[in-house]
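> Just target-v9.csv, nothing more (CSV, C-alpha atoms):
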chain,number,residue,atom,x,y,z
D,25,MET,CA,123.0,98.2,106.6
D,26,ALA,CA,122.8,94.6,107.7
D,27,SER,CA,119.8,92.7,106.4
D,28,PRO,CA,116.9,92.6,108.9
D,29,TYR,CA,116.1,89.1,107.6
D,30,SER,CA,117.7,85.7,108.3
D,31,PRO,CA,119.9,84.3,105.5
D,32,PRO,CA,117.3,81.9,104.0
D,33,MET,CA,114.8,84.7,103.8
D,34,GLN,CA,117.2,87.2,102.4
D,35,ALA,CA,118.4,84.6,99.8
D,36,LEU,CA,114.8,84.1,98.7
D,37,ILE,CA,114.2,87.9,98.4
D,38,ASP,CA,117.4,88.3,96.4
D,39,GLU,CA,116.6,85.5,94.0
D,40,LEU,CA,113.1,86.8,93.4
D,41,GLY,CA,114.5,90.3,92.9
D,42,ARG,CA,116.5,89.0,90.0
D,43,MET,CA,113.4,88.3,88.0
D,44,PRO,CA,112.5,90.9,85.3
D,45,GLY,CA,110.0,93.5,86.6
D,46,ILE,CA,110.3,92.5,90.2
D,47,GLY,CA,111.9,95.2,92.4
D,48,PRO,CA,113.1,94.8,96.0
D,49,LYS,CA,109.7,95.7,97.5
D,50,SER,CA,107.8,93.2,95.3
D,51,ALA,CA,110.4,90.5,96.0
D,52,GLN,CA,109.8,91.1,99.8
D,53,ARG,CA,106.1,90.9,99.3
D,54,ILE,CA,106.2,87.7,97.3
D,55,ALA,CA,108.7,86.1,99.8
D,56,PHE,CA,106.3,86.8,102.7
D,57,HIS,CA,103.4,85.5,100.7
D,58,LEU,CA,105.3,82.3,100.1
D,59,LEU,CA,106.0,81.9,103.8
D,60,LYS,CA,102.3,82.2,104.6
D,61,VAL,CA,100.9,79.8,101.9
D,62,PRO,CA,100.6,76.1,102.7
D,63,GLU,CA,103.8,74.1,102.2
D,64,GLU,CA,102.5,72.3,99.1
D,65,ASP,CA,101.8,75.6,97.3
D,66,ALA,CA,105.4,76.8,97.7
D,67,ARG,CA,106.6,73.3,96.7
D,68,ARG,CA,104.4,73.4,93.6
D,69,LEU,CA,106.0,76.7,92.5
D,70,ALA,CA,109.5,75.5,93.0
D,71,GLN,CA,108.7,72.2,91.3
D,72,SER,CA,107.1,74.0,88.3
D,73,ILE,CA,110.3,76.0,87.8
D,74,LEU,CA,112.5,72.8,87.9
D,75,ASN,CA,110.1,71.0,85.7
D,76,ALA,CA,109.8,73.6,83.0
D,77,LYS,CA,113.6,74.0,83.1
D,78,ALA,CA,114.0,70.3,82.7
D,79,LYS,CA,111.4,69.6,80.1
D,80,VAL,CA,111.1,72.8,78.0
D,81,ARG,CA,113.9,73.3,75.5
D,82,PHE,CA,114.5,75.5,72.6
D,83,CYS,CA,113.7,74.2,69.1
D,84,GLU,CA,117.0,73.1,67.5
D,85,MET,CA,116.0,74.8,64.3
D,86,CYS,CA,114.3,78.1,65.2
D,87,PHE,CA,114.9,78.5,69.0
D,88,ASN,CA,111.2,78.8,69.8
D,89,ILE,CA,110.4,77.0,73.1
D,90,SER,CA,109.5,73.4,72.6
D,91,ASP,CA,109.1,70.1,74.5
D,92,GLU,CA,110.5,68.2,71.4
D,93,PRO,CA,113.8,68.7,69.6
D,94,GLN,CA,111.8,70.6,67.0
D,95,CYS,CA,108.9,72.9,67.8
D,96,SER,CA,105.3,72.5,66.7
D,97,VAL,CA,105.8,75.1,63.9
D,98,CYS,CA,109.1,73.6,62.5
D,99,SER,CA,107.7,70.1,62.6
D,100,ASP,CA,104.4,71.1,60.8
D,101,GLU,CA,104.6,69.8,57.2
D,102,ARG,CA,101.9,72.3,56.1
D,103,ARG,CA,104.0,75.4,56.9
D,104,ASP,CA,105.6,77.3,54.0
D,105,ARG,CA,109.4,76.5,54.3
D,106,THR,CA,110.5,79.3,52.1
D,107,MET,CA,109.7,82.1,54.5
D,108,ILE,CA,111.3,82.9,57.9
D,109,CYS,CA,109.8,85.4,60.3
D,110,VAL,CA,112.6,86.7,62.6
D,111,VAL,CA,111.4,87.6,66.1
D,112,GLU,CA,113.0,88.5,69.4
D,113,GLU,CA,111.3,86.1,71.8
D,114,SER,CA,109.0,83.0,71.8
D,115,ARG,CA,106.2,85.1,73.1
D,116,ASP,CA,106.3,87.0,69.8
D,117,VAL,CA,105.7,83.7,68.0
D,118,VAL,CA,102.7,83.2,70.2
D,119,ALA,CA,101.3,86.6,69.4
D,120,LEU,CA,101.9,86.2,65.6
D,121,GLU,CA,100.4,82.6,65.7
D,122,LYS,CA,97.2,84.0,67.3
D,123,THR,CA,96.6,86.1,64.2
D,124,GLY,CA,96.4,83.0,62.0
D,125,VAL,CA,97.7,85.1,59.1
D,126,TYR,CA,101.3,83.8,58.8
D,127,LYS,CA,102.0,80.4,57.4
D,128,GLY,CA,105.8,80.3,57.2
D,129,LEU,CA,108.5,79.4,59.7
D,130,TYR,CA,110.1,81.5,62.5
D,131,HIS,CA,113.5,82.2,63.9
D,132,VAL,CA,113.7,83.4,67.5
D,133,LEU,CA,116.8,85.6,68.2
D,134,LEU,CA,116.3,85.3,72.0
D,135,GLY,CA,116.7,89.0,72.5
D,136,ALA,CA,117.7,92.2,70.6
D,137,ILE,CA,121.0,94.1,70.4
D,138,ASN,CA,121.3,96.1,73.6
D,139,PRO,CA,124.7,97.4,74.5
D,140,LEU,CA,123.5,98.8,77.8
D,141,GLU,CA,122.6,95.3,79.0
D,142,GLY,CA,125.7,93.8,77.3
D,143,ILE,CA,123.7,92.0,74.6
D,144,GLY,CA,125.7,92.0,71.4
D,145,VAL,CA,125.3,90.0,68.1
D,146,ASP,CA,127.1,87.0,69.6
D,147,GLN,CA,124.5,86.6,72.4
D,148,LEU,CA,121.7,86.3,69.9
D,149,LYS,CA,120.9,83.5,67.5
D,150,ILE,CA,122.1,85.4,64.5
D,151,ARG,CA,124.9,83.1,63.4
D,152,GLU,CA,122.4,80.2,63.6
D,153,LEU,CA,119.9,82.2,61.4
D,154,MET,CA,122.6,82.8,58.7
D,155,MET,CA,123.7,79.2,58.7
D,156,ARG,CA,120.0,78.1,58.5
D,157,ILE,CA,119.4,80.4,55.5
D,158,ASN,CA,122.6,79.2,53.9
D,159,ASP,CA,121.7,75.5,54.2
D,160,ALA,CA,118.0,75.8,53.6
D,161,GLU,CA,116.4,73.3,51.2
D,162,PRO,CA,114.2,74.5,49.6
D,163,ALA,CA,115.9,77.9,49.5
D,164,ILE,CA,114.5,80.8,51.6
D,165,GLN,CA,112.6,83.3,49.5
D,166,GLU,CA,111.7,85.9,52.1
D,167,VAL,CA,112.8,86.9,55.6
D,168,ILE,CA,110.4,89.1,57.6
D,169,LEU,CA,112.2,91.1,60.2
D,170,SER,CA,109.7,91.3,63.0
D,171,THR,CA,111.7,92.7,65.9
D,172,ASN,CA,110.0,95.1,68.3
D,173,PRO,CA,109.3,98.6,67.0
D,174,ASN,CA,111.7,100.2,69.5
D,175,THR,CA,115.4,101.3,69.4
D,176,GLU,CA,116.9,97.9,70.2
D,177,GLY,CA,114.5,96.1,67.8
D,178,ASP,CA,115.2,98.6,65.0
D,179,VAL,CA,118.9,98.4,65.4
D,180,THR,CA,118.8,94.6,65.3
D,181,ALA,CA,116.6,94.7,62.2
D,182,MET,CA,119.1,97.1,60.5
D,183,TYR,CA,122.0,94.8,61.4
D,184,LEU,CA,120.2,91.8,59.9
D,185,GLN,CA,119.2,93.7,56.8
D,186,ARG,CA,122.9,94.4,56.1
D,187,LEU,CA,123.9,90.8,56.8
D,188,LEU,CA,121.1,89.6,54.4
D,189,ALA,CA,121.9,92.1,51.6
D,190,PRO,CA,124.4,89.7,49.7
D,191,PHE,CA,121.8,86.9,49.6
D,192,GLU,CA,119.1,86.8,46.9
D,193,ILE,CA,116.3,87.0,49.4
D,194,LYS,CA,113.4,89.4,49.8
D,195,VAL,CA,113.7,91.1,53.1
D,196,THR,CA,110.6,92.7,54.6
D,197,LYS,CA,109.4,94.4,57.8
D,198,LEU,CA,106.0,94.4,59.5
D,199,ALA,CA,104.0,97.4,58.4
D,200,SER,CA,103.9,100.0,61.1
D,201,GLY,CA,100.8,102.2,61.4
D,202,LEU,CA,97.7,102.7,63.3
D,203,PRO,CA,96.5,99.9,65.6
D,204,VAL,CA,93.2,98.5,64.3
D,205,GLY,CA,90.3,99.7,66.5
D,206,GLY,CA,92.4,102.6,67.8
D,207,ASP,CA,91.6,106.3,67.7
D,208,LEU,CA,93.6,108.4,65.4
D,209,GLU,CA,93.9,111.3,67.9
D,210,TYR,CA,95.4,109.0,70.5
D,211,ALA,CA,98.1,107.7,68.2
D,212,ASP,CA,101.6,109.0,69.0
D,213,GLU,CA,103.4,111.1,66.4
D,214,LEU,CA,105.9,108.5,65.4
D,215,THR,CA,103.2,105.9,64.7
D,216,LEU,CA,101.1,108.4,62.9
D,217,GLY,CA,104.1,109.5,60.8
D,218,ARG,CA,104.9,106.0,59.8
D,219,ALA,CA,101.2,105.4,59.0
D,220,ILE,CA,101.4,108.3,56.5
D,221,GLU,CA,104.6,107.2,55.0
D,222,GLY,CA,103.3,103.7,54.6
D,223,ARG,CA,100.0,104.7,53.1
D,224,ARG,CA,98.6,102.3,50.4
D,225,GLU,CA,96.3,102.9,47.5
D,226,VAL,CA,92.8,101.6,48.2
D,227,GLY,CA,90.5,99.7,46.0
D,228,ALA,CA,93.1,99.4,43.2
V,12,MET,CA,91.2,79.1,73.8
V,13,ALA,CA,93.7,76.3,74.2
V,14,SER,CA,97.0,77.4,75.8
V,15,PRO,CA,99.7,78.1,73.2
V,16,TYR,CA,102.2,76.7,75.6
V,17,SER,CA,103.2,73.2,76.5
V,18,PRO,CA,101.9,71.9,79.9
V,19,PRO,CA,105.1,72.4,81.9
V,20,MET,CA,105.4,76.0,80.6
V,21,GLN,CA,101.8,76.7,81.2
V,22,ALA,CA,102.1,75.3,84.7
V,23,LEU,CA,105.0,77.6,85.4
V,24,ILE,CA,103.1,80.6,84.1
V,25,ASP,CA,100.1,79.7,86.2
V,26,GLU,CA,102.1,79.2,89.4
V,27,LEU,CA,104.0,82.5,89.0
V,28,GLY,CA,100.7,84.2,88.3
V,29,ARG,CA,99.5,83.2,91.8
V,30,MET,CA,102.1,85.5,93.4
V,31,PRO,CA,100.8,88.8,94.7
V,32,GLY,CA,101.4,91.6,92.2
V,33,ILE,CA,102.2,89.3,89.3
V,34,GLY,CA,99.7,89.4,86.5
V,35,PRO,CA,99.5,87.0,83.5
V,36,LYS,CA,101.8,89.2,81.3
V,37,SER,CA,104.5,89.4,84.1
V,38,ALA,CA,104.2,85.7,84.8
V,39,GLN,CA,104.8,85.0,81.1
V,40,ARG,CA,107.8,87.4,81.1
V,41,ILE,CA,109.4,85.7,84.1
V,42,ALA,CA,108.7,82.2,82.8
V,43,PHE,CA,110.6,83.0,79.6
V,44,HIS,CA,113.3,84.7,81.5
V,45,LEU,CA,113.7,81.5,83.6
V,46,LEU,CA,114.0,79.4,80.4
V,47,LYS,CA,116.8,81.6,79.1
V,48,VAL,CA,119.0,81.8,82.3
V,49,PRO,CA,121.6,79.1,83.0
V,50,GLU,CA,120.3,75.9,84.7
V,51,GLU,CA,121.9,76.7,88.0
V,52,ASP,CA,120.2,80.2,88.3
V,53,ALA,CA,116.7,78.6,87.9
V,54,ARG,CA,117.7,75.8,90.3
V,55,ARG,CA,118.9,78.4,92.8
V,56,LEU,CA,115.5,80.2,92.8
V,57,ALA,CA,113.6,77.0,93.2
V,58,GLN,CA,116.0,75.9,96.0
V,59,SER,CA,115.7,79.3,97.8
V,60,ILE,CA,111.9,78.9,97.9
V,61,LEU,CA,112.2,75.4,99.4
V,62,ASN,CA,114.9,76.4,101.7
V,63,ALA,CA,113.1,79.5,103.1
V,64,LYS,CA,110.0,77.4,103.4
V,65,ALA,CA,111.8,74.7,105.4
V,66,LYS,CA,113.9,76.9,107.6
V,67,VAL,CA,111.9,80.1,108.2
V,68,ARG,CA,109.1,79.6,110.8
V,69,PHE,CA,106.9,82.0,112.7
V,70,CYS,CA,107.9,82.9,116.2
V,71,GLU,CA,105.7,80.9,118.6
V,72,MET,CA,105.1,84.0,120.7
V,73,CYS,CA,104.5,86.9,118.3
V,74,PHE,CA,104.3,85.2,114.8
V,75,ASN,CA,107.1,87.3,113.4
V,76,ILE,CA,109.3,85.4,111.0
V,77,SER,CA,112.1,83.6,112.7
V,78,ASP,CA,114.7,80.8,112.3
V,79,GLU,CA,114.4,79.9,115.9
V,80,PRO,CA,111.3,79.0,118.0
V,81,GLN,CA,111.3,82.6,119.3
V,82,CYS,CA,112.2,85.5,117.1
V,83,SER,CA,115.1,87.9,117.8
V,84,VAL,CA,112.8,90.5,119.4
V,85,CYS,CA,111.0,88.1,121.7
V,86,SER,CA,114.3,86.5,122.8
V,87,ASP,CA,116.0,89.9,123.4
V,88,GLU,CA,116.1,90.4,127.2
V,89,ARG,CA,116.5,94.2,126.8
V,90,ARG,CA,113.1,94.7,125.3
V,91,ASP,CA,110.2,96.2,127.3
V,92,ARG,CA,107.9,93.2,128.0
V,93,THR,CA,105.0,95.3,129.1
V,94,MET,CA,104.3,96.7,125.7
V,95,ILE,CA,103.0,94.9,122.6
V,96,CYS,CA,102.8,96.6,119.2
V,97,VAL,CA,100.3,94.8,117.0
V,98,VAL,CA,101.0,94.8,113.3
V,99,GLU,CA,99.6,93.0,110.2
V,100,GLU,CA,102.8,91.5,108.8
V,101,SER,CA,106.4,90.7,109.6
V,102,ARG,CA,107.5,93.4,107.1
V,103,ASP,CA,105.9,96.0,109.3
V,104,VAL,CA,108.1,94.8,112.2
V,105,VAL,CA,111.1,95.3,109.9
V,106,ALA,CA,109.9,98.8,109.1
V,107,LEU,CA,109.3,99.7,112.8
V,108,GLU,CA,112.6,98.2,113.9
V,109,LYS,CA,114.5,100.4,111.4
V,110,THR,CA,113.2,103.5,113.2
V,111,GLY,CA,115.0,102.4,116.4
V,112,VAL,CA,112.3,104.2,118.4
V,113,TYR,CA,110.2,101.3,119.8
V,114,LYS,CA,111.7,99.1,122.5
V,115,GLY,CA,108.7,96.8,123.3
V,116,LEU,CA,107.5,93.5,121.9
V,117,TYR,CA,105.4,92.8,118.8
V,118,HIS,CA,102.5,90.7,117.8
V,119,VAL,CA,102.0,89.9,114.1
V,120,LEU,CA,98.4,89.2,113.1
V,121,LEU,CA,99.4,87.7,109.7
V,122,GLY,CA,96.9,89.9,107.9
V,123,ALA,CA,93.9,92.1,108.5
V,124,ILE,CA,90.2,91.5,108.5
V,125,ASN,CA,89.1,91.4,104.9
V,126,PRO,CA,85.7,89.9,104.1
V,127,LEU,CA,86.2,90.1,100.4
V,128,GLU,CA,89.2,87.8,100.6
V,129,GLY,CA,87.6,85.6,103.1
V,130,ILE,CA,89.9,86.7,106.0
V,131,GLY,CA,87.9,86.9,109.2
V,132,VAL,CA,89.1,87.1,112.8
V,133,ASP,CA,89.7,83.4,113.0
V,134,GLN,CA,92.3,83.5,110.2
V,135,LEU,CA,94.3,86.1,112.1
V,136,LYS,CA,96.4,85.5,115.2
V,137,ILE,CA,93.9,87.5,117.4
V,138,ARG,CA,93.0,84.6,119.8
V,139,GLU,CA,96.7,84.1,120.3
V,140,LEU,CA,97.1,87.8,121.1
V,141,MET,CA,94.4,87.7,123.7
V,142,MET,CA,95.7,84.6,125.3
V,143,ARG,CA,99.2,86.1,125.4
V,144,ILE,CA,97.9,89.3,127.0
V,145,ASN,CA,95.9,87.2,129.5
V,146,ASP,CA,98.9,85.1,130.5
V,147,ALA,CA,101.6,87.8,130.3
V,148,GLU,CA,104.1,88.0,133.2
V,149,PRO,CA,104.8,90.9,133.8
V,150,ALA,CA,101.4,92.2,132.9
V,151,ILE,CA,101.0,94.1,129.6
V,152,GLN,CA,100.6,97.8,130.3
V,153,GLU,CA,100.1,99.1,126.7
V,154,VAL,CA,99.0,97.7,123.3
V,155,ILE,CA,99.8,99.8,120.3
V,156,LEU,CA,97.5,99.1,117.4
V,157,SER,CA,99.7,99.5,114.3
V,158,THR,CA,97.6,98.1,111.5
V,159,ASN,CA,97.8,99.8,108.2
V,160,PRO,CA,96.0,103.1,107.8
V,161,ASN,CA,93.5,101.7,105.3
V,162,THR,CA,90.0,100.3,105.6
V,163,GLU,CA,91.0,96.7,106.5
V,164,GLY,CA,93.6,97.9,109.0
V,165,ASP,CA,91.2,100.4,110.6
V,166,VAL,CA,88.4,97.8,110.9
V,167,THR,CA,90.9,95.3,112.5
V,168,ALA,CA,92.1,98.0,114.9
V,169,MET,CA,88.5,98.8,115.9
V,170,TYR,CA,87.8,95.2,116.5
V,171,LEU,CA,90.9,94.8,118.7
V,172,GLN,CA,90.0,97.9,120.6
V,173,ARG,CA,86.6,96.4,121.5
V,174,LEU,CA,88.2,93.1,122.6
V,175,LEU,CA,90.8,94.9,124.7
V,176,ALA,CA,88.3,97.3,126.4
V,177,PRO,CA,87.6,94.9,129.4
V,178,PHE,CA,91.3,94.7,130.2
V,179,GLU,CA,93.1,97.3,132.3
V,180,ILE,CA,95.5,98.1,129.4
V,181,LYS,CA,96.3,101.4,127.7
V,182,VAL,CA,95.4,101.0,124.0
V,183,THR,CA,97.1,103.4,121.6
V,184,LYS,CA,97.3,103.9,117.9
V,185,LEU,CA,100.2,105.3,115.8
V,186,ALA,CA,99.9,109.0,115.4
V,187,SER,CA,98.3,110.3,112.2
V,188,GLY,CA,100.8,111.8,110.0
V,189,LEU,CA,101.0,108.5,108.1
V,190,PRO,CA,99.6,109.2,104.6
V,191,VAL,CA,96.0,107.9,104.7
V,192,GLY,CA,95.4,105.0,102.3
V,193,GLY,CA,99.0,104.2,102.2
V,194,ASP,CA,100.9,101.1,103.2
V,195,LEU,CA,102.8,101.2,106.5
V,196,GLU,CA,105.9,99.4,105.0
V,197,TYR,CA,106.4,102.3,102.5
V,198,ALA,CA,106.5,105.0,105.1
V,199,ASP,CA,110.0,106.5,105.6
V,200,GLU,CA,111.8,106.0,108.9
V,201,LEU,CA,111.4,109.5,110.2
V,202,THR,CA,107.7,109.7,109.6
V,203,LEU,CA,107.3,106.2,111.2
V,204,GLY,CA,109.4,107.1,114.1
V,205,ARG,CA,107.4,110.3,114.8
V,206,ALA,CA,104.2,108.4,114.5
V,207,ILE,CA,105.4,106.0,117.3
V,208,GLU,CA,106.4,108.9,119.5
V,209,GLY,CA,103.1,110.7,119.0
V,210,ARG,CA,100.8,107.7,119.5
V,211,ARG,CA,97.5,108.5,121.1
V,212,GLU,CA,95.3,106.6,123.4
V,213,VAL,CA,92.1,105.4,121.7
V,214,GLY,CA,88.5,105.6,123.0
V,215,ALA,CA,89.6,107.6,126.1
Now, as a test, write the supplied structure out as structure tokens.


Amino acid sequence: MASPYSPPMQALIDELGRMPGIGPKSAQRIAFHLLKVPEEDARRLAQSILNAKAKVRFCEMCFNISDEPQCSVCSDERRDRTMICVVEESRDVVALEKTGVYKGLYHVLLGAINPLEGIGVDQLKIRELMMRINDAEPAIQEVILSTNPNTEGDVTAMYLQRLLAPFEIKVTKLASGLPVGGDLEYADELTLGRAIEGRREVGA
Amino acid sequence: MASPYSPPMQALIDELGRMPGIGPKSAQRIAFHLLKVPEEDARRLAQSILNAKAKVRFCEMCFNISDEPQCSVCSDERRDRTMICVVEESRDVVALEKTGVYKGLYHVLLGAINPLEGIGVDQLKIRELMMRINDAEPAIQEVILSTNPNTEGDVTAMYLQRLLAPFEIKVTKLASGLPVGGDLEYADELTLGRAIEGRREVGA
């Protein structure tokens, strides 16, 4: 069917529909919203996209987002340079930093292995991770594989585990188990199963 | 808490979060997506916003979206100029046009009365509707109130019904059969077509 919209409107709907989590109906809704708001509001959104794209870069060391060549974590002298926490996305760095528990460095893969979406090991920053570990001074003592606890994340972690096996490096994973403050009866079976497997002795 | 993102990134997340149906988490997800895609993809989205905003205008007669001073419906000589179908948004025109049942003109209010969002009768194109009906040549015979079948839409329809009462015009509503509490744009073509055919006169 021919589009009921004029080309500029259809182009806007198409472009919005390419964003993750925005379907055709949402794209249409947002497009109409943009037509109704004052000129300067729409201009500000467009400008913020161009501005972020121009100014925000990936850290040359860990591929976290950054304004500078190196991100705030990599350029912080107080961080423990012998530990690398490997995550899928920059937003995982944000989540982990909020805990205040981790004091080492990060490495952002910019995704996870996902054959259905055509993301293989070459699309991820895996080669960069291995080169970084190889060249690190002081030497890396521990790599924490912190990919998401789903199929793609687990597969990616398994792949990295094999790559790292020949190195003399401790490789760890985040503990899986019950979320703090959650109810045991609402935990799914897989989580509960992993919580039992990973049980620790208390008060030792 | 201070934002964990640099100002250009936070600005992008904030602007995206202003769009309807996009919460803070979605805004973050889209912002990261935009950082990862090639430069020209992000530029194309920004450009499509500016382009649509510059080229797409509202029809001077019915406030449907249009590239020209008058929209494709208003400038179509074959349409029945004695009927006006009053809708909330341009996307409702698109939905009704897809049915192929209605042959008259439209009037887009650009919203519905919604005190919670500060939308009163002055924010809508109601005055323009009344002036249009007053000046119409040939005279308007029928006004179909096709606001959404929810509280705001019903209140808007009731208000219009009162305004139209002094005129010698048949005022109708879309037949019920539309799911109550739903959005007009999500109704399927058949249901919507039947609703037009079975429209009833109100307050008779």

> Using Å and a single decimal, report how far atom CA of D:Met85 sits from atom CA of D:Thr180.

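Computing the Euclidean distance for atom CA of D:Thr180 and atom CA of D:Met85 yields 20.0 Å.
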
> Give the answer as one residue: which of D:Gln34, D:Thr106, D:Ser72, D:Thr215 has the shortest atom-to-atom distance to chain V, using all atoms listed in the file?

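For chain V, the nearest of the given residues is D:Ser72.
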
> So that I can check the surroundings of V:Thr183, please list as a ChimeraX atom specification every protein, DNA and RNA residue that reaches within 8 Å of it, counting all atoms listed in the file and ignoring chain neighbours fewer than 6 positions away.

/V:153-156,210-213

> Could you give the C-alpha RMSD in Å for chain D superposed on chain V, pairing all atoms in order?

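That gives an RMSD of 5.9 Å.
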
> So, counting all atoms listed in the file, which residue among D:Tyr210, D:Ile137, D:Gly205, D:Glu192 is closest to D:Glu176?

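Checking each candidate against D:Glu176, we get D:Ile137 as the closest.
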
> Contacts between chain D and chain V, please, where a residue of chain V counts if it comes within 9 Å (with all atoms listed in the file); show its shortest atom pair and distance in Å to one decimal, rows by chain and ascending number, as JSON lines.


{"residue": "V:Pro15", "atom": "CA", "partner": "D:Val118", "partner_atom": "CA", "distance": 6.6}
{"residue": "V:Tyr16", "atom": "CA", "partner": "D:Val118", "partner_atom": "CA", "distance": 8.5}
{"residue": "V:Ser17", "atom": "CA", "partner": "D:Asp91", "partner_atom": "CA", "distance": 7.0}
{"residue": "V:Pro18", "atom": "CA", "partner": "D:Ala76", "partner_atom": "CA", "distance": 8.7}
{"residue": "V:Pro19", "atom": "CA", "partner": "D:Ala76", "partner_atom": "CA", "distance": 5.0}
{"residue": "V:Met20", "atom": "CA", "partner": "D:Ala76", "partner_atom": "CA", "distance": 5.6}
{"residue": "V:Gln21", "atom": "CA", "partner": "D:Ala76", "partner_atom": "CA", "distance": 8.8}
{"residue": "V:Ala22", "atom": "CA", "partner": "D:Ser72", "partner_atom": "CA", "distance": 6.3}
{"residue": "V:Leu23", "atom": "CA", "partner": "D:Ser72", "partner_atom": "CA", "distance": 5.1}
{"residue": "V:Ile24", "atom": "CA", "partner": "D:Ser72", "partner_atom": "CA", "distance": 8.8}
{"residue": "V:Glu26", "atom": "CA", "partner": "D:Leu69", "partner_atom": "CA", "distance": 5.6}
{"residue": "V:Leu27", "atom": "CA", "partner": "D:Leu69", "partner_atom": "CA", "distance": 7.1}
{"residue": "V:Met30", "atom": "CA", "partner": "D:Ile54", "partner_atom": "CA", "distance": 6.1}
{"residue": "V:Pro31", "atom": "CA", "partner": "D:Ile54", "partner_atom": "CA", "distance": 6.1}
{"residue": "V:Gly32", "atom": "CA", "partner": "D:Ser50", "partner_atom": "CA", "distance": 7.3}
{"residue": "V:Ile33", "atom": "CA", "partner": "D:Ile46", "partner_atom": "CA", "distance": 8.8}
{"residue": "V:Ser37", "atom": "CA", "partner": "D:Gly45", "partner_atom": "CA", "distance": 7.3}
{"residue": "V:Gln39", "atom": "CA", "partner": "D:Arg115", "partner_atom": "CA", "distance": 8.1}
{"residue": "V:Arg40", "atom": "CA", "partner": "D:Pro44", "partner_atom": "CA", "distance": 7.2}
{"residue": "V:Ile41", "atom": "CA", "partner": "D:Met43", "partner_atom": "CA", "distance": 6.2}
{"residue": "V:Ala42", "atom": "CA", "partner": "D:Ile73", "partner_atom": "CA", "distance": 8.1}
{"residue": "V:Phe43", "atom": "CA", "partner": "D:Ser114", "partner_atom": "CA", "distance": 8.0}
{"residue": "V:His44", "atom": "CA", "partner": "D:Pro44", "partner_atom": "CA", "distance": 7.3}
{"residue": "V:Leu45", "atom": "CA", "partner": "D:Lys77", "partner_atom": "CA", "distance": 7.5}
{"residue": "V:Leu46", "atom": "CA", "partner": "D:Lys77", "partner_atom": "CA", "distance": 6.1}
{"residue": "V:Lys47", "atom": "CA", "partner": "D:Leu134", "partner_atom": "CA", "distance": 8.0}
{"residue": "V:Glu50", "atom": "CA", "partner": "D:Lys77", "partner_atom": "CA", "distance": 7.1}
{"residue": "V:Asp52", "atom": "CA", "partner": "D:Glu39", "partner_atom": "CA", "distance": 8.6}
{"residue": "V:Ala53", "atom": "CA", "partner": "D:Ile73", "partner_atom": "CA", "distance": 6.9}
{"residue": "V:Arg54", "atom": "CA", "partner": "D:Leu74", "partner_atom": "CA", "distance": 6.5}
{"residue": "V:Arg55", "atom": "CA", "partner": "D:Glu39", "partner_atom": "CA", "distance": 7.6}
{"residue": "V:Leu56", "atom": "CA", "partner": "D:Glu39", "partner_atom": "CA", "distance": 5.5}
{"residue": "V:Ala57", "atom": "CA", "partner": "D:Ala70", "partner_atom": "CA", "distance": 4.4}
{"residue": "V:Gln58", "atom": "CA", "partner": "D:Ala70", "partner_atom": "CA", "distance": 7.2}
{"residue": "V:Ser59", "atom": "CA", "partner": "D:Leu36", "partner_atom": "CA", "distance": 5.0}
{"residue": "V:Ile60", "atom": "CA", "partner": "D:Leu36", "partner_atom": "CA", "distance": 6.0}
{"residue": "V:Leu61", "atom": "CA", "partner": "D:Arg67", "partner_atom": "CA", "distance": 6.6}
{"residue": "V:Asn62", "atom": "CA", "partner": "D:Pro32", "partner_atom": "CA", "distance": 6.4}
{"residue": "V:Ala63", "atom": "CA", "partner": "D:Pro32", "partner_atom": "CA", "distance": 4.9}
{"residue": "V:Lys64", "atom": "CA", "partner": "D:Leu59", "partner_atom": "CA", "distance": 6.0}
{"residue": "V:Ala65", "atom": "CA", "partner": "D:Glu63", "partner_atom": "CA", "distance": 8.6}
{"residue": "V:Lys66", "atom": "CA", "partner": "D:Pro32", "partner_atom": "CA", "distance": 7.0}
{"residue": "V:Val67", "atom": "CA", "partner": "D:Met33", "partner_atom": "CA", "distance": 7.0}
{"residue": "V:Arg68", "atom": "CA", "partner": "D:Leu59", "partner_atom": "CA", "distance": 8.0}
{"residue": "V:Phe69", "atom": "CA", "partner": "D:Leu59", "partner_atom": "CA", "distance": 8.9}
{"residue": "V:Ile76", "atom": "CA", "partner": "D:Tyr29", "partner_atom": "CA", "distance": 8.5}
{"residue": "V:Ser77", "atom": "CA", "partner": "D:Ser30", "partner_atom": "CA", "distance": 7.4}
{"residue": "V:Asp78", "atom": "CA", "partner": "D:Ser30", "partner_atom": "CA", "distance": 7.0}
{"residue": "V:Glu100", "atom": "CA", "partner": "D:Phe56", "partner_atom": "CA", "distance": 8.5}
{"residue": "V:Ser101", "atom": "CA", "partner": "D:Phe56", "partner_atom": "CA", "distance": 7.9}
{"residue": "V:Arg102", "atom": "CA", "partner": "D:Gln52", "partner_atom": "CA", "distance": 8.0}
{"residue": "V:Val105", "atom": "CA", "partner": "D:Pro28", "partner_atom": "CA", "distance": 6.5}
{"residue": "V:Glu108", "atom": "CA", "partner": "D:Pro28", "partner_atom": "CA", "distance": 8.7}
{"residue": "V:Lys109", "atom": "CA", "partner": "D:Pro28", "partner_atom": "CA", "distance": 8.5}
{"residue": "V:Leu121", "atom": "CA", "partner": "D:Lys60", "partner_atom": "CA", "distance": 8.0}
{"residue": "V:Tyr197", "atom": "CA", "partner": "D:Lys49", "partner_atom": "CA", "distance": 8.9}

> Figure out the distance between atom CA of D:Ile164 and atom CA of D:Gly128, please, to one decimal in Å.

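Separation between atom CA of D:Gly128 and atom CA of D:Ile164: 10.4 Å.
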